[in-house]
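**Q** File name final-v3.pdb; file contents PDB, C-alpha atoms and all ligand atoms; full text below.
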ATOM      1  CA  MET A   8       3.141 -79.048  38.549
ATOM      2  CA  THR A   9       1.513 -82.158  40.013
ATOM      3  CA  VAL A  10      -1.478 -81.658  37.726
ATOM      4  CA  ALA A  11       0.808 -81.480  34.706
ATOM      5  CA  VAL A  12       2.569 -84.706  35.724
ATOM      6  CA  ALA A  13      -0.760 -86.451  36.287
ATOM      7  CA  LEU A  14      -1.995 -85.214  32.911
ATOM      8  CA  VAL A  15       1.096 -86.536  31.134
ATOM      9  CA  ALA A  16       0.725 -89.859  32.943
ATOM     10  CA  LEU A  17      -2.920 -90.032  31.880
ATOM     11  CA  ILE A  18      -2.061 -89.269  28.259
ATOM     12  CA  VAL A  19       0.646 -91.946  28.266
ATOM     13  CA  LEU A  20      -1.749 -94.433  29.845
ATOM     14  CA  LEU A  21      -4.431 -93.696  27.232
ATOM     15  CA  TRP A  22      -1.859 -93.891  24.435
ATOM     16  CA  VAL A  23      -0.890 -97.367  25.669
ATOM     17  CA  LEU A  24      -4.418 -98.616  26.351
ATOM     18  CA  ILE A  25      -6.386 -97.334  23.354
ATOM     19  CA  PRO A  26      -4.835 -99.673  20.756
ATOM     20  CA  LEU A  27      -5.542-102.622  23.072
ATOM     21  CA  ARG A  28      -9.198-101.668  23.312
ATOM     22  CA  ARG A  29      -9.805-101.691  19.565
ATOM     23  CA  PRO A  30     -12.414-104.288  18.611
ATOM     24  CA  GLU A  31     -11.300-107.484  16.891
ATOM     25  CA  PRO A  32     -11.003-107.056  13.127
ATOM     26  CA  GLU A  33     -13.732-108.650  11.039
ATOM     27  CA  GLY A  34     -15.026-108.484   7.489
ATOM     28  CA  SER A  35     -13.519-105.648   5.488
ATOM     29  CA  ASP A  36     -11.254-104.691   8.374
ATOM     30  CA  ALA A  37      -9.615-108.103   8.218
ATOM     31  CA  ARG A  38      -9.365-107.738   4.445
ATOM     32  CA  ALA A  39      -7.645-104.364   4.841
ATOM     33  CA  LEU A  40      -5.251-105.813   7.420
ATOM     34  CA  THR A  41      -4.460-108.713   5.109
ATOM     35  CA  ASP A  42      -3.816-106.352   2.204
ATOM     36  CA  GLU A  43      -1.613-104.227   4.436
ATOM     37  CA  ALA A  44       0.411-107.219   5.642
ATOM     38  CA  ASP A  45       0.643-108.496   2.076
ATOM     39  CA  ALA A  46       1.917-105.112   0.885
ATOM     40  CA  LYS A  47       4.502-105.084   3.671
ATOM     41  CA  LYS A  48       5.638-108.591   2.735
ATOM     42  CA  ARG A  49       5.858-107.675  -0.952
ATOM     43  CA  ALA A  50       7.820-104.506  -0.191
ATOM     44  CA  ALA A  51      10.308-106.435   1.954
ATOM     45  CA  LEU A  52      10.740-109.192  -0.650
ATOM     46  CA  THR A  53      11.180-106.618  -3.426
ATOM     47  CA  ALA A  54      13.789-104.875  -1.274
ATOM     48  CA  ILE A  55      15.669-108.181  -0.840
ATOM     49  CA  VAL A  56      15.698-108.763  -4.598
ATOM     50  CA  ASP A  57      16.948-105.200  -5.111
ATOM     51  CA  LEU A  58      19.679-105.780  -2.501
ATOM     52  CA  GLU A  59      20.796-108.932  -4.300
ATOM     53  CA  ASP A  60      20.976-106.994  -7.550
ATOM     54  CA  ASP A  61      22.858-104.108  -5.950
ATOM     55  CA  ARG A  62      25.387-106.520  -4.482
ATOM     56  CA  SER A  63      25.780-108.422  -7.759
ATOM     57  CA  VAL A  64      26.714-105.209  -9.591
ATOM     58  CA  GLY A  65      28.998-104.075  -6.764
ATOM     59  CA  LYS A  66      26.812-101.193  -5.565
ATOM     60  CA  LEU A  67      26.527-102.785  -2.126
ATOM     61  CA  GLY A  68      29.263-104.356   0.005
ATOM     62  CA  ASP A  69      28.868-107.801   1.552
ATOM     63  CA  ASP A  70      28.614-106.413   5.086
ATOM     64  CA  ASP A  71      25.916-103.881   4.192
ATOM     65  CA  PHE A  72      24.131-106.548   2.187
ATOM     66  CA  ARG A  73      24.047-108.934   5.143
ATOM     67  CA  VAL A  74      22.787-106.273   7.560
ATOM     68  CA  LEU A  75      20.101-104.952   5.198
ATOM     69  CA  LYS A  76      19.014-108.405   4.039
ATOM     70  CA  ARG A  77      18.591-109.538   7.642
ATOM     71  CA  GLN A  78      16.502-106.445   8.320
ATOM     72  CA  TYR A  79      14.220-106.980   5.315
ATOM     73  CA  GLU A  80      13.971-110.703   6.028
ATOM     74  CA  ALA A  81      12.787-109.871   9.530
ATOM     75  CA  GLU A  82      10.190-107.524   8.041
ATOM     76  CA  ALA A  83       9.075-110.173   5.556
ATOM     77  CA  VAL A  84       8.866-112.833   8.257
ATOM     78  CA  ALA A  85       6.876-110.490  10.509
ATOM     79  CA  ALA A  86       4.483-109.684   7.669
ATOM     80  CA  MET A  87       4.121-113.373   6.788
ATOM     81  CA  ALA A  88       3.440-114.220  10.435
ATOM     82  CA  GLU A  89       0.825-111.484  10.408
ATOM     83  CA  LEU A  90      -0.740-113.009   7.285
ATOM     84  CA  ASP A  91      -0.697-116.454   8.865
ATOM     85  CA  ALA A  92      -2.427-115.072  11.912
ATOM     86  CA  LEU A  93      -5.047-113.361   9.735
ATOM     87  CA  GLU A  94      -5.640-116.294   7.425
ATOM     88  CA  ALA A  95      -5.857-119.588   9.240
ATOM     89  CA  SER A  96      -6.008-121.400   5.899
ATOM     90  CA  GLY A  97      -2.208-121.425   5.650
ATOM     91  CA  THR A  98      -2.080-120.126   2.079
ATOM     92  CA  HIS A  99       0.750-117.834   3.146
ATOM     93  CA  SER A 100       2.804-120.443   4.974
ATOM     94  CA  ASP A 101       5.249-120.867   2.090
ATOM     95  CA  ASP A 102       8.797-120.636   3.186
ATOM     96  CA  LEU A 103      10.665-117.380   2.737
ATOM     97  CA  GLU A 104      13.156-118.583   0.123
ATOM     98  CA  ALA A 105      10.293-119.752  -2.097
ATOM     99  CA  GLU A 106       8.645-116.348  -1.717
ATOM    100  CA  ILE A 107      11.891-114.583  -2.615
ATOM    101  CA  ALA A 108      12.336-116.852  -5.631
ATOM    102  CA  ARG A 109       8.776-116.073  -6.726
ATOM    103  CA  ALA A 110       9.334-112.324  -6.291
ATOM    104  CA  ARG A 111      12.605-112.553  -8.225
ATOM    105  CA  HIS A 112      10.897-114.492 -11.014
ATOM    106  CA  ALA A 113       8.124-111.874 -11.233
ATOM    107  CA  MET A 114      10.768-109.151 -11.481
ATOM    108  CA  THR A 115      12.913-110.847 -14.132
ATOM    109  CA  CYS A 116      12.325-110.141 -17.818
ATOM    110  CA  PRO A 117      11.449-113.442 -19.547
ATOM    111  CA  LYS A 118      13.172-112.259 -22.751
ATOM    112  CA  CYS A 119      16.492-110.777 -21.652
ATOM    113  CA  GLY A 120      16.723-111.563 -17.943
ATOM    114  CA  ALA A 121      16.983-107.930 -16.842
ATOM    115  CA  THR A 122      15.419-106.876 -13.560
ATOM    116  CA  ARG A 123      12.179-104.980 -13.951
ATOM    117  CA  ALA A 124       9.362-103.835 -11.721
ATOM    118  CA  PRO A 125       6.577-106.437 -11.475
ATOM    119  CA  ASN A 126       3.896-105.955 -14.148
ATOM    120  CA  GLU A 127       5.921-103.307 -15.969
ATOM    121  CA  SER A 128       7.684-103.468 -19.315
ATOM    122  CA  CYS A 129      11.376-104.303 -19.350
ATOM    123  CA  PRO A 130      13.657-101.246 -19.183
ATOM    124  CA  ARG A 131      16.282-103.044 -21.296
ATOM    125  CA  CYS A 132      14.342-104.727 -24.106
ATOM    126  CA  GLY A 133      10.802-103.381 -23.668
ATOM    127  CA  ALA A 134       9.151-106.792 -23.316
ATOM    128  CA  VAL A 135       5.872-106.717 -21.403
TER     129      VAL A 135
HETATM  130 ZN    ZN A 201      14.006-107.564 -21.246
END
For the structure just supplied, provide its representation as structure tokens.
Ligand SMILES: [Zn+2]

**A**
Amino acid sequence: MTVAVALVALIVLLWVLIPLRRPEPEGSDARALTDEADAKKRAALTAIVDLEDDRSVGKLGDDDFRVLKRQYEAEAVAAMAELDALEASGTHSDDLEAEIARARHAMTCPKCGATRAPNESCPRCGAV
């Protein structure tokens, strides 16, 4: 019984300590972390644009919209903070609204204004 408790305590301790003992990222590791944070940021911004669309067509109520948008904004902000920490240059220090506007622009068909996935042809008019 005591051995089992001690074993569980040891496992918990290792589980807590091991991530702290990982070496500092450098080179390709830093690149991978940056890509990961960038992907997280993109996913959150895309989700916000989708939420805005869902609300505009009445698929999402104002209350749900506010809750979900706050959640995705927090994710985007966390990812952007992560990027800032990884890249001291400050290339990712743009403010969130500008990032959302950029994501929305990338997802809006230049011909008909329909929402489309970035870098994909428009589902409404087929424009690339
Ligand atoms: Zn179109």

**Q** Using all atoms listed in the file, what are the residues with an atom within 6 Å of ligand ZN 201 (chain A), set out as a CSV table (one decimal) with C-alpha atoms, keeping the file's coordinate frame?

**A**
chain,number,residue,atom,x,y,z
A,116,CYS,CA,12.3,-110.1,-17.8
A,118,LYS,CA,13.2,-112.3,-22.8
A,119,CYS,CA,16.5,-110.8,-21.7
A,120,GLY,CA,16.7,-111.6,-17.9
A,121,ALA,CA,17.0,-107.9,-16.8
A,129,CYS,CA,11.4,-104.3,-19.4
A,131,ARG,CA,16.3,-103.0,-21.3
A,132,CYS,CA,14.3,-104.7,-24.1
A,133,GLY,CA,10.8,-103.4,-23.7
A,134,ALA,CA,9.2,-106.8,-23.3

**Q** Give the answer as one residue: which of A:Thr122, A:Met87, A:Ala37, A:Pro130 has the shortest atom-to-atom distance to Leu52 in chain A, using all atoms listed in the file?

**A**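 Closest to Leu52 in chain A, using all atoms listed in the file: A:Met87.
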
**Q** CA of Val135 in chain A and CA of His112 in chain A are how many Å apart?

**A** 13.9 Å

**Q** Expressed in Å to a single decimal, how great is the separation between CA of Val64 in chain A and CA of Ala46 in chain A?

**A** 26.9 Å

**Q** List the spatial neighbours of Lys48 in chain A as a CSV table (one decimal) with C-alpha atoms, keeping the file's coordinate frame - criterion: any atom at most 6 Å away, only C-alpha atoms, same-chain residues fewer than 3 positions off excluded.

**A**
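Done, and the output landed in result-v4.csv:
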chain,number,residue,atom,x,y,z
A,45,ASP,CA,0.6,-108.5,2.1
A,51,ALA,CA,10.3,-106.4,2.0
A,83,ALA,CA,9.1,-110.2,5.6
A,86,ALA,CA,4.5,-109.7,7.7

**Q** From the set A:Ile55, A:Leu75, A:Ala124, A:Leu90, which residue has the shortest atom-to-atom contact distance to Ile107 in chain A, counting only C-alpha atoms?

**A**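 Of the candidates, the smallest distance to Ile107 in chain A is held by A:Ile55.
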
**Q** Please indicate the distance in Å from CA of Leu103 in chain A to CA of Glu80 in chain A, rounded to one decimal place.

**A**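 CA of Glu80 in chain A lies 8.1 Å from CA of Leu103 in chain A.
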
**Q** Find the residue from A:Leu40, A:Ala50, A:Leu67, A:Leu58 that sits nearest to Pro125 in chain A; use all atoms listed in the file when measuring.

**A** A:Ala50

**Q** Kindly indicate which residue among A:Glu89, A:Asp36, A:Asp71, A:Glu106 lies nearest to Thr53 in chain A, using all atoms listed in the file for the distances.

**A** A:Glu106

**Q** May I have the centre and edge lengths, in Å to one decimal, of an axis-aligned box around the listed atoms of range 68-71 of chain A with 8 Å added to every side, as lines of an AutoDock Vina configuration file?

**A**
center_x = 27.6
center_y = -105.8
center_z = 2.5
size_x = 19.3
size_y = 19.9
size_z = 21.1

**Q** In terms of the shortest atom-to-atom distance over all atoms listed in the file, which of A:Val56, A:Glu104, A:Val74, A:Leu93 is closest to Arg38 in chain A?

**A**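 Among A:Val56, A:Glu104, A:Val74, A:Leu93, it is A:Leu93 that comes nearest to Arg38 in chain A.
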
**Q** Go through A:Ser128, A:Thr41, A:Ser35, A:Thr115 one by one, measure the shortest atom-to-atom distance of each to Ala88 in chain A using all atoms listed in the file, and give the residue with the smallest value.

**A**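 The closest residue to Ala88 in chain A is A:Thr41.
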